[in-house]
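Trainee: I'm passing along target.tsv; it holds TSV, C-alpha atoms.
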```
chain	number	residue	atom	x	y	z
A	117	MET	CA	34.56	82.32	25.72
A	118	VAL	CA	30.99	81.21	26.26
A	119	PRO	CA	28.64	83.87	24.85
A	120	PRO	CA	25.57	85.16	26.76
A	121	GLU	CA	23.31	83.17	24.42
A	122	LEU	CA	24.59	79.86	25.71
A	123	ASP	CA	24.23	78.15	29.05
A	124	GLU	CA	26.56	75.15	29.07
A	125	GLY	CA	24.30	73.03	31.26
A	126	LEU	CA	24.99	69.68	32.87
A	127	PRO	CA	27.00	66.86	31.29
A	128	LEU	CA	25.10	64.05	29.56
A	129	GLU	CA	25.81	61.53	32.32
A	130	ARG	CA	23.65	63.56	34.74
A	131	ILE	CA	20.65	62.35	32.75
A	132	LYS	CA	20.20	59.53	35.25
A	133	ASP	CA	19.52	61.99	38.08
A	134	PHE	CA	16.23	63.06	36.53
A	135	SER	CA	12.86	61.42	36.00
A	136	LEU	CA	11.44	60.95	32.52
A	137	ASP	CA	8.88	63.74	32.91
A	138	GLU	CA	11.65	66.10	34.00
A	139	LEU	CA	13.79	65.08	31.02
A	140	LEU	CA	10.92	65.63	28.60
A	141	GLY	CA	10.33	69.00	30.25
A	142	MET	CA	14.00	69.87	29.70
A	143	ALA	CA	13.72	68.79	26.07
A	144	ILE	CA	10.65	70.97	25.50
A	145	LYS	CA	12.39	73.92	27.18
A	146	ALA	CA	15.48	73.35	25.02
A	147	GLU	CA	13.41	73.29	21.81
A	148	ILE	CA	11.78	76.58	22.81
A	149	GLY	CA	15.19	78.08	23.62
A	150	SER	CA	16.64	76.93	20.31
A	151	ARG	CA	13.71	78.32	18.36
A	152	GLU	CA	14.03	81.72	20.05
A	153	PHE	CA	17.78	81.66	19.47
A	154	TYR	CA	17.40	80.89	15.75
A	155	GLU	CA	14.59	83.43	15.30
A	156	SER	CA	16.63	86.19	16.90
A	157	LEU	CA	19.78	85.17	15.01
A	158	ALA	CA	17.88	85.20	11.71
A	159	GLN	CA	16.70	88.72	12.51
A	160	ARG	CA	20.15	89.96	13.37
A	161	ALA	CA	22.23	88.18	10.74
A	162	ASP	CA	22.50	90.28	7.63
A	163	ILE	CA	23.17	87.50	5.14
A	164	GLU	CA	20.19	86.39	3.05
A	165	GLU	CA	21.16	82.76	2.48
A	166	LEU	CA	22.02	82.28	6.15
A	167	LYS	CA	18.81	83.99	7.32
A	168	ARG	CA	16.84	81.53	5.21
A	169	LYS	CA	18.60	78.48	6.65
A	170	ILE	CA	18.38	79.71	10.22
A	171	SER	CA	14.67	80.53	9.88
A	172	TRP	CA	14.11	77.03	8.57
A	173	LEU	CA	15.81	75.65	11.69
A	174	ALA	CA	13.55	77.82	13.88
A	175	GLY	CA	10.48	76.30	12.18
A	176	GLU	CA	11.80	72.78	12.73
A	177	GLU	CA	12.36	73.38	16.43
A	178	LYS	CA	8.79	74.63	16.74
A	179	LYS	CA	7.57	71.32	15.32
A	180	HIS	CA	9.79	69.37	17.68
A	181	GLU	CA	8.32	71.25	20.62
A	182	GLU	CA	4.80	70.31	19.47
A	183	LEU	CA	5.81	66.70	18.95
A	184	LEU	CA	7.38	66.50	22.43
A	185	ARG	CA	4.27	68.02	24.01
A	186	LYS	CA	2.18	65.32	22.34
A	187	ILE	CA	4.52	62.63	23.59
A	188	TYR	CA	4.37	64.11	27.09
A	189	ALA	CA	0.56	64.27	27.01
A	190	LYS	CA	0.43	60.60	26.03
A	191	MET	CA	2.89	59.49	28.67
A	192	PHE	CA	1.59	61.69	31.49
A	193	PRO	CA	-2.08	62.32	30.72
A	194	GLY	CA	-3.49	65.35	32.47
A	195	LYS	CA	-0.16	66.28	34.04
A	196	GLU	CA	1.25	69.75	33.42
A	197	VAL	CA	4.71	69.91	31.88
A	198	VAL	CA	7.45	70.32	34.49
A	199	PHE	CA	10.32	72.59	33.46
A	200	PRO	CA	13.31	71.82	35.70
A	201	GLU	CA	15.75	74.63	36.47
A	202	GLU	CA	18.66	72.49	35.27
A	203	HIS	CA	19.19	71.16	31.81
A	204	ILE	CA	21.43	68.58	30.24
A	205	GLY	CA	23.81	70.01	27.65
A	206	PRO	CA	24.02	73.53	26.25
A	207	GLU	CA	20.84	75.55	26.10
A	208	LEU	CA	20.48	78.34	23.58
A	209	LYS	CA	18.92	81.68	24.42
A	210	PRO	CA	17.74	84.59	22.27
A	211	VAL	CA	20.39	86.84	20.76
A	212	ALA	CA	19.62	90.18	22.39
A	213	ARG	CA	22.74	92.10	21.36
A	214	GLU	CA	23.83	93.81	18.17
A	215	LEU	CA	26.13	91.48	16.23
A	216	GLN	CA	29.53	92.89	15.22
A	217	GLY	CA	30.27	91.44	11.82
A	218	VAL	CA	30.70	87.93	10.59
A	219	GLN	CA	32.97	86.74	13.42
A	220	ASP	CA	30.13	87.07	15.94
A	221	ILE	CA	27.91	84.99	13.67
A	222	ILE	CA	30.62	82.36	13.24
A	223	ASP	CA	31.00	82.07	17.03
A	224	LEU	CA	27.26	81.73	17.58
A	225	ILE	CA	26.97	79.08	14.90
A	226	ARG	CA	29.77	77.11	16.50
A	227	TRP	CA	27.86	77.13	19.80
A	228	ALA	CA	24.63	76.21	18.06
A	229	MET	CA	26.45	73.22	16.52
A	230	LYS	CA	27.53	72.15	19.97
A	231	ALA	CA	23.96	72.49	21.25
A	232	GLU	CA	22.56	70.47	18.33
A	233	GLU	CA	25.16	67.75	18.80
A	234	MET	CA	24.33	67.45	22.49
A	235	ALA	CA	20.59	67.47	21.75
A	236	ALA	CA	21.13	64.59	19.29
A	237	LYS	CA	22.97	62.63	21.97
A	238	PHE	CA	20.39	63.55	24.62
A	239	TYR	CA	17.55	62.13	22.51
A	240	ALA	CA	19.59	59.01	21.79
A	241	GLU	CA	19.92	58.54	25.58
A	242	LEU	CA	16.19	59.11	26.03
A	243	GLU	CA	15.57	56.41	23.44
A	244	ASN	CA	17.14	53.94	25.89
A	245	MET	CA	15.06	55.24	28.78
A	246	VAL	CA	11.56	55.30	27.29
A	247	GLU	CA	9.60	52.07	26.93
A	248	GLY	CA	7.76	50.92	23.83
A	249	GLU	CA	8.90	50.83	20.23
A	250	ASP	CA	6.73	53.84	19.27
A	251	LYS	CA	8.32	56.16	21.83
A	252	LYS	CA	11.81	54.88	21.06
A	253	ARG	CA	11.13	55.58	17.40
A	254	LEU	CA	10.15	59.16	18.16
A	255	MET	CA	13.34	59.73	20.14
A	256	ARG	CA	15.34	58.32	17.23
A	257	TYR	CA	13.47	60.68	14.93
A	258	LEU	CA	14.37	63.69	17.08
A	259	SER	CA	17.97	62.55	17.42
A	260	ASP	CA	18.34	62.15	13.64
A	261	MET	CA	16.73	65.53	13.01
A	262	GLU	CA	19.17	67.21	15.39
A	263	TRP	CA	22.07	65.52	13.59
A	264	GLY	CA	20.58	66.92	10.39
A	265	HIS	CA	20.65	70.40	11.93
A	266	TYR	CA	24.20	69.86	13.15
A	267	TYR	CA	25.46	69.09	9.64
A	268	THR	CA	23.46	71.92	8.07
A	269	LEU	CA	25.09	74.34	10.52
A	270	LYS	CA	28.52	72.75	10.08
A	271	ALA	CA	28.28	73.28	6.31
A	272	GLU	CA	27.50	77.00	6.70
A	273	TYR	CA	30.15	77.35	9.39
A	274	GLU	CA	32.84	75.94	7.09
A	275	LEU	CA	32.04	78.45	4.36
A	276	LEU	CA	31.61	81.41	6.69
A	277	LEU	CA	35.20	80.89	7.85
A	278	ASP	CA	36.21	82.14	4.41
A	279	TRP	CA	33.92	85.12	4.23
A	280	GLU	CA	35.23	86.41	0.93
A	281	MET	CA	34.38	83.13	-0.77
A	282	TYR	CA	31.03	82.83	0.98
A	283	SER	CA	29.95	86.24	-0.31
A	284	GLN	CA	31.11	85.37	-3.79
A	285	MET	CA	29.56	81.91	-3.92
A	286	MET	CA	26.32	82.75	-2.17
A	287	HIS	CA	25.58	86.01	-4.05
A	288	VAL	CA	25.71	88.10	-0.92
A	289	GLY	CA	26.84	91.64	-0.33
A	290	PRO	CA	29.95	92.56	1.65
B	262	MET	CA	15.40	45.00	-5.23
B	263	VAL	CA	16.85	48.11	-6.82
B	264	PRO	CA	13.98	50.32	-8.02
B	265	PRO	CA	13.92	51.93	-11.51
B	266	GLU	CA	14.68	55.32	-9.92
B	267	LEU	CA	18.14	54.23	-8.84
B	268	ASP	CA	21.22	53.38	-10.81
B	269	GLU	CA	23.74	51.86	-8.40
B	270	GLY	CA	26.78	53.28	-10.19
B	271	LEU	CA	30.44	52.58	-9.60
B	272	PRO	CA	32.05	52.04	-6.20
B	273	LEU	CA	33.80	54.96	-4.56
B	274	GLU	CA	37.30	53.60	-5.21
B	275	ARG	CA	36.77	54.08	-8.98
B	276	ILE	CA	37.06	57.81	-8.35
B	277	LYS	CA	40.78	57.63	-9.21
B	278	ASP	CA	39.97	56.50	-12.78
B	279	PHE	CA	38.46	59.89	-13.65
B	280	SER	CA	39.83	63.37	-14.11
B	281	LEU	CA	38.68	66.24	-11.94
B	282	ASP	CA	36.56	67.81	-14.69
B	283	GLU	CA	34.82	64.48	-15.24
B	284	LEU	CA	34.21	64.09	-11.51
B	285	LEU	CA	32.74	67.59	-11.27
B	286	GLY	CA	30.58	66.75	-14.31
B	287	MET	CA	29.36	63.62	-12.51
B	288	ALA	CA	28.62	65.65	-9.40
B	289	ILE	CA	26.59	68.19	-11.41
B	290	LYS	CA	24.69	65.39	-13.15
B	291	ALA	CA	24.00	63.73	-9.80
B	292	GLU	CA	22.66	66.97	-8.30
B	293	ILE	CA	20.32	67.38	-11.29
B	294	GLY	CA	19.20	63.75	-10.95
B	295	SER	CA	18.57	64.14	-7.21
B	296	ARG	CA	16.57	67.32	-7.75
B	297	GLU	CA	14.38	65.68	-10.37
B	298	PHE	CA	13.95	62.65	-8.13
B	299	TYR	CA	12.87	64.75	-5.14
B	300	GLU	CA	10.59	66.97	-7.25
B	301	SER	CA	8.80	63.95	-8.71
B	302	LEU	CA	8.63	62.20	-5.35
B	303	ALA	CA	7.15	65.33	-3.73
B	304	GLN	CA	4.50	65.38	-6.45
B	305	ARG	CA	3.61	61.74	-6.02
B	306	ALA	CA	3.83	61.39	-2.26
B	307	ASP	CA	0.50	62.15	-0.68
B	308	ILE	CA	1.74	63.17	2.77
B	309	GLU	CA	1.89	66.89	3.44
B	310	GLU	CA	4.75	66.97	5.93
B	311	LEU	CA	6.85	64.68	3.76
B	312	LYS	CA	6.09	66.66	0.58
B	313	ARG	CA	7.37	69.77	2.34
B	314	LYS	CA	10.63	68.15	3.44
B	315	ILE	CA	11.25	66.54	0.06
B	316	SER	CA	10.57	69.81	-1.81
B	317	TRP	CA	13.06	71.51	0.47
B	318	LEU	CA	15.66	68.90	-0.48
B	319	ALA	CA	14.92	69.53	-4.17
B	320	GLY	CA	15.62	73.23	-3.67
B	321	GLU	CA	18.90	72.48	-1.91
B	322	GLU	CA	20.10	70.24	-4.74
B	323	LYS	CA	19.34	73.03	-7.22
B	324	LYS	CA	21.63	75.32	-5.25
B	325	HIS	CA	24.34	72.69	-5.13
B	326	GLU	CA	24.17	72.35	-8.91
B	327	GLU	CA	24.64	76.11	-9.29
B	328	LEU	CA	27.52	76.11	-6.81
B	329	LEU	CA	29.26	73.24	-8.64
B	330	ARG	CA	28.83	75.01	-11.98
B	331	LYS	CA	30.51	78.07	-10.50
B	332	ILE	CA	33.36	75.96	-9.15
B	333	TYR	CA	33.72	74.27	-12.54
B	334	ALA	CA	33.77	77.61	-14.38
B	335	LYS	CA	36.51	78.84	-12.05
B	336	MET	CA	38.62	75.72	-12.42
B	337	PHE	CA	38.09	75.23	-16.15
B	338	PRO	CA	37.38	78.68	-17.59
B	339	GLY	CA	35.62	78.60	-20.96
B	340	LYS	CA	35.37	74.81	-20.95
B	341	GLU	CA	31.95	73.20	-21.35
B	342	VAL	CA	30.90	70.80	-18.59
B	343	VAL	CA	31.63	67.16	-19.45
B	344	PHE	CA	28.98	64.67	-18.32
B	345	PRO	CA	30.55	61.20	-18.26
B	346	GLU	CA	28.30	58.21	-18.92
B	347	GLU	CA	29.44	56.57	-15.70
B	348	HIS	CA	28.97	57.87	-12.22
B	349	ILE	CA	30.34	57.07	-8.82
B	350	GLY	CA	27.73	55.86	-6.36
B	351	PRO	CA	23.96	55.64	-6.72
B	352	GLU	CA	22.29	58.13	-9.01
B	353	LEU	CA	18.66	59.06	-8.50
B	354	LYS	CA	16.21	59.45	-11.37
B	355	PRO	CA	12.71	60.92	-11.57
B	356	VAL	CA	9.88	58.84	-10.16
B	357	ALA	CA	7.75	58.17	-13.25
B	358	ARG	CA	5.41	55.55	-11.83
B	359	GLU	CA	2.34	55.68	-9.64
B	360	LEU	CA	3.32	54.94	-6.03
B	361	GLN	CA	1.41	52.17	-4.26
B	362	GLY	CA	1.02	53.25	-0.68
B	363	VAL	CA	3.51	54.07	2.01
B	364	GLN	CA	5.77	51.04	1.47
B	365	ASP	CA	6.82	52.38	-1.95
B	366	ILE	CA	7.70	55.70	-0.35
B	367	ILE	CA	9.66	53.99	2.41
B	368	ASP	CA	11.69	52.04	-0.17
B	369	LEU	CA	12.46	55.15	-2.21
B	370	ILE	CA	13.54	57.08	0.86
B	371	ARG	CA	15.87	54.26	1.85
B	372	TRP	CA	17.52	54.49	-1.57
B	373	ALA	CA	17.68	58.25	-1.38
B	374	MET	CA	19.47	57.87	1.97
B	375	LYS	CA	21.99	55.60	0.30
B	376	ALA	CA	22.51	58.11	-2.51
B	377	GLU	CA	22.97	60.99	-0.05
B	378	GLU	CA	25.44	58.99	2.02
B	379	MET	CA	27.50	58.15	-1.05
B	380	ALA	CA	27.33	61.75	-2.26
B	381	ALA	CA	28.66	62.89	1.13
B	382	LYS	CA	31.57	60.45	0.83
B	383	PHE	CA	32.15	61.40	-2.81
B	384	TYR	CA	32.55	65.08	-1.92
B	385	ALA	CA	34.84	64.16	0.97
B	386	GLU	CA	37.04	62.30	-1.56
B	387	LEU	CA	36.95	65.27	-3.93
B	388	GLU	CA	38.14	67.44	-1.04
B	389	ASN	CA	41.37	65.43	-1.09
B	390	MET	CA	41.71	65.77	-4.85
B	391	VAL	CA	41.18	69.49	-5.39
B	392	GLU	CA	43.93	71.95	-4.64
B	393	GLY	CA	43.58	75.15	-2.66
B	394	GLU	CA	41.89	75.75	0.68
B	395	ASP	CA	38.92	77.52	-0.94
B	396	LYS	CA	37.99	74.57	-3.16
B	397	LYS	CA	38.56	72.08	-0.36
B	398	ARG	CA	36.25	74.14	1.80
B	399	LEU	CA	33.50	74.05	-0.83
B	400	MET	CA	33.77	70.27	-1.07
B	401	ARG	CA	33.53	70.06	2.72
B	402	TYR	CA	30.46	72.28	2.55
B	403	LEU	CA	28.78	69.99	0.01
B	404	SER	CA	29.75	66.88	1.95
B	405	ASP	CA	28.29	68.29	5.19
B	406	MET	CA	25.12	69.37	3.42
B	407	GLU	CA	24.61	65.87	2.03
B	408	TRP	CA	25.09	64.43	5.52
B	409	GLY	CA	22.43	66.89	6.63
B	410	HIS	CA	20.10	65.51	3.94
B	411	TYR	CA	20.96	61.96	4.95
B	412	TYR	CA	19.89	62.54	8.56
B	413	THR	CA	16.77	64.47	7.55
B	414	LEU	CA	15.72	61.51	5.39
B	415	LYS	CA	16.71	58.99	8.06
B	416	ALA	CA	14.48	60.75	10.58
B	417	GLU	CA	11.44	60.60	8.28
B	418	TYR	CA	12.26	57.03	7.34
B	419	GLU	CA	12.26	55.94	10.97
B	420	LEU	CA	8.81	57.38	11.57
B	421	LEU	CA	7.33	56.17	8.28
B	422	LEU	CA	8.15	52.61	9.34
B	423	ASP	CA	5.37	53.03	11.88
B	424	TRP	CA	2.81	54.56	9.61
B	425	GLU	CA	0.03	54.64	12.18
B	426	MET	CA	2.15	56.73	14.49
B	427	TYR	CA	3.43	58.95	11.71
B	428	SER	CA	-0.11	59.85	10.68
B	429	GLN	CA	-1.08	60.52	14.26
B	430	MET	CA	1.99	62.58	15.14
B	431	MET	CA	2.25	64.52	11.88
B	432	HIS	CA	-1.45	65.35	11.54
B	433	VAL	CA	-1.80	63.48	8.27
B	434	GLY	CA	-4.69	61.52	6.83
B	435	PRO	CA	-4.69	57.73	6.30
```
Let me see the structure of the file written as structure tokens.
Mentor:
Amino acid sequence: MVPPELDEGLPLERIKDFSLDELLGMAIKAEIGSREFYESLAQRADIEELKRKISWLAGEEKKHEELLRKIYAKMFPGKEVVFPEEHIGPELKPVARELQGVQDIIDLIRWAMKAEEMAAKFYAELENMVEGEDKKRLMRYLSDMEWGHYYTLKAEYELLLDWEMYSQMMHVGP
Amino acid sequence: MVPPELDEGLPLERIKDFSLDELLGMAIKAEIGSREFYESLAQRADIEELKRKISWLAGEEKKHEELLRKIYAKMFPGKEVVFPEEHIGPELKPVARELQGVQDIIDLIRWAMKAEEMAAKFYAELENMVEGEDKKRLMRYLSDMEWGHYYTLKAEYELLLDWEMYSQMMHVGP
């Protein structure tokens, strides 16, 4: 079941239906959505070690947003950022509900992994679309960072599946 | 050229020549070496954003060391940790020299990427060797975390290759 915090979005191949400014707008919107998702998840998750990791992710997404805005400003000087209604790949939204135990957290992390994986692939596609080595490099940077997030989440996800061990190994309460 | 901070170590297939306690000892030693490497690199690298990322990695390796010591204590109760002379894959050592500009940093990060990649593969091999779903899960956790480090480093590496852009995008001085 897809939770309310996730909009599945369009498949990656739809990328060709949008212009570069629209795609950058989508990317900025997605970074904002991810940051708000991680911030709200960090607030609602009651596990210290996980809170710390998730807050770190929120901070990284904030920096990505700033980086993308700079790229946009360089590529489209003076033009306001366009935020299309649609977006490619899953988009994360703030967690507005009370979480019911560790299973809810596990489910949300699984969706966040999916979103990070798609974001990594999205930036890799954008690398092919932008011109100039400097812009390609920045897209590669963002793609690699999102893969980094994916594996960080995957690691926590693996351990959370065995909650008893997680609590024991990570010094956390029941 | 292999820098003084890196010992290339044995190839992954030599893993079968060691017992599990020796392999865990190697892993603990490698986590200590990586932490000291990242701590010293963070001190010597004069780029704020990079310092921050590298210090974060140092903190993660410290936690991995603690986790491995717990696993060891569970698997070999009362037994002191054995640190074999040899080790599988590259081992990082503290950076004791003055770094000469960004190229030195780029080279060290490339070697750190190699070490993280091998560490990820090493833990994946250990996953096959340990018995019990809980221990396998912990090895998967460590392997995923090291992949996370690998991609975090790869992202920085990509941008550092174009130093002019890095400085401009990351608000850093010359």
Trainee: Taking all atoms listed in the file into account and nothing else, which residues of chain B lie no more than 7 Å away from chain A? Please answer as a count of residues only.
Mentor: 17
Trainee: What does the distance from atom CA of B:Pro345 to atom CA of B:Ala380 come to in Å, to one decimal?
Mentor: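 Computed distance, atom CA of B:Pro345 to atom CA of B:Ala380, equals 16.3 Å.
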Trainee: At a cut-off of 9 Å from (22.0, 73.7, 17.1) in the coordinates of the file, what residues are picked up using only C-alpha atoms, written as a PDB file with C-alpha atoms, in the frame of the given file?
Mentor:
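Written output follows (result_38.pdb):
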```pdb
ATOM      1  CA  SER A 150      16.640  76.930  20.310  1.00  0.00           C
ATOM      2  CA  TYR A 154      17.400  80.890  15.750  1.00  0.00           C
ATOM      3  CA  LEU A 173      15.810  75.650  11.690  1.00  0.00           C
ATOM      4  CA  LEU A 208      20.480  78.340  23.580  1.00  0.00           C
ATOM      5  CA  ILE A 225      26.970  79.080  14.900  1.00  0.00           C
ATOM      6  CA  ARG A 226      29.770  77.110  16.500  1.00  0.00           C
ATOM      7  CA  TRP A 227      27.860  77.130  19.800  1.00  0.00           C
ATOM      8  CA  ALA A 228      24.630  76.210  18.060  1.00  0.00           C
ATOM      9  CA  MET A 229      26.450  73.220  16.520  1.00  0.00           C
ATOM     10  CA  LYS A 230      27.530  72.150  19.970  1.00  0.00           C
ATOM     11  CA  ALA A 231      23.960  72.490  21.250  1.00  0.00           C
ATOM     12  CA  GLU A 232      22.560  70.470  18.330  1.00  0.00           C
ATOM     13  CA  GLU A 233      25.160  67.750  18.800  1.00  0.00           C
ATOM     14  CA  MET A 234      24.330  67.450  22.490  1.00  0.00           C
ATOM     15  CA  ALA A 235      20.590  67.470  21.750  1.00  0.00           C
ATOM     16  CA  GLU A 262      19.170  67.210  15.390  1.00  0.00           C
ATOM     17  CA  TRP A 263      22.070  65.520  13.590  1.00  0.00           C
ATOM     18  CA  HIS A 265      20.650  70.400  11.930  1.00  0.00           C
ATOM     19  CA  TYR A 266      24.200  69.860  13.150  1.00  0.00           C
ATOM     20  CA  LEU A 269      25.090  74.340  10.520  1.00  0.00           C
TER      21      LEU A 269
END
```
Trainee: Select, counting only C-alpha atoms, all protein, DNA and RNA residues no farther than 12 Å from (20.4, 94.4, 12.7) in file coordinates, and express the selection as an NGL selection string.
Mentor: :A and (156-163 or 167 or 211-217)
Trainee: Would you list the contacts of A:Leu136 as number ranges by chain, taking every protein, DNA or RNA residue within 10 Å and counting all atoms listed in the file, but skipping same-chain residues closer than 6 positions in sequence?
Mentor: A: 142, 188, 191-192, 242, 245-246
Trainee: Any idea what the distance is between atom CA of A:Pro210 and atom CA of A:Glu196?
Mentor: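 Interatomic distance here is 24.8 Å.
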Trainee: Give me, please, the distance in Å between atom CA of A:Gly248 and atom CA of A:Gly125, quoted to one decimal.
Mentor: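 Distance reported for this atom pair: 28.6 Å.
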Trainee: Of the candidates B:Glu352, B:Glu321, B:Glu283, B:Glu346, which shows the shortest atom-to-atom distance to B:Asp268, using all atoms listed in the file?
Mentor: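 Closest to B:Asp268 of all the choices is B:Glu352.
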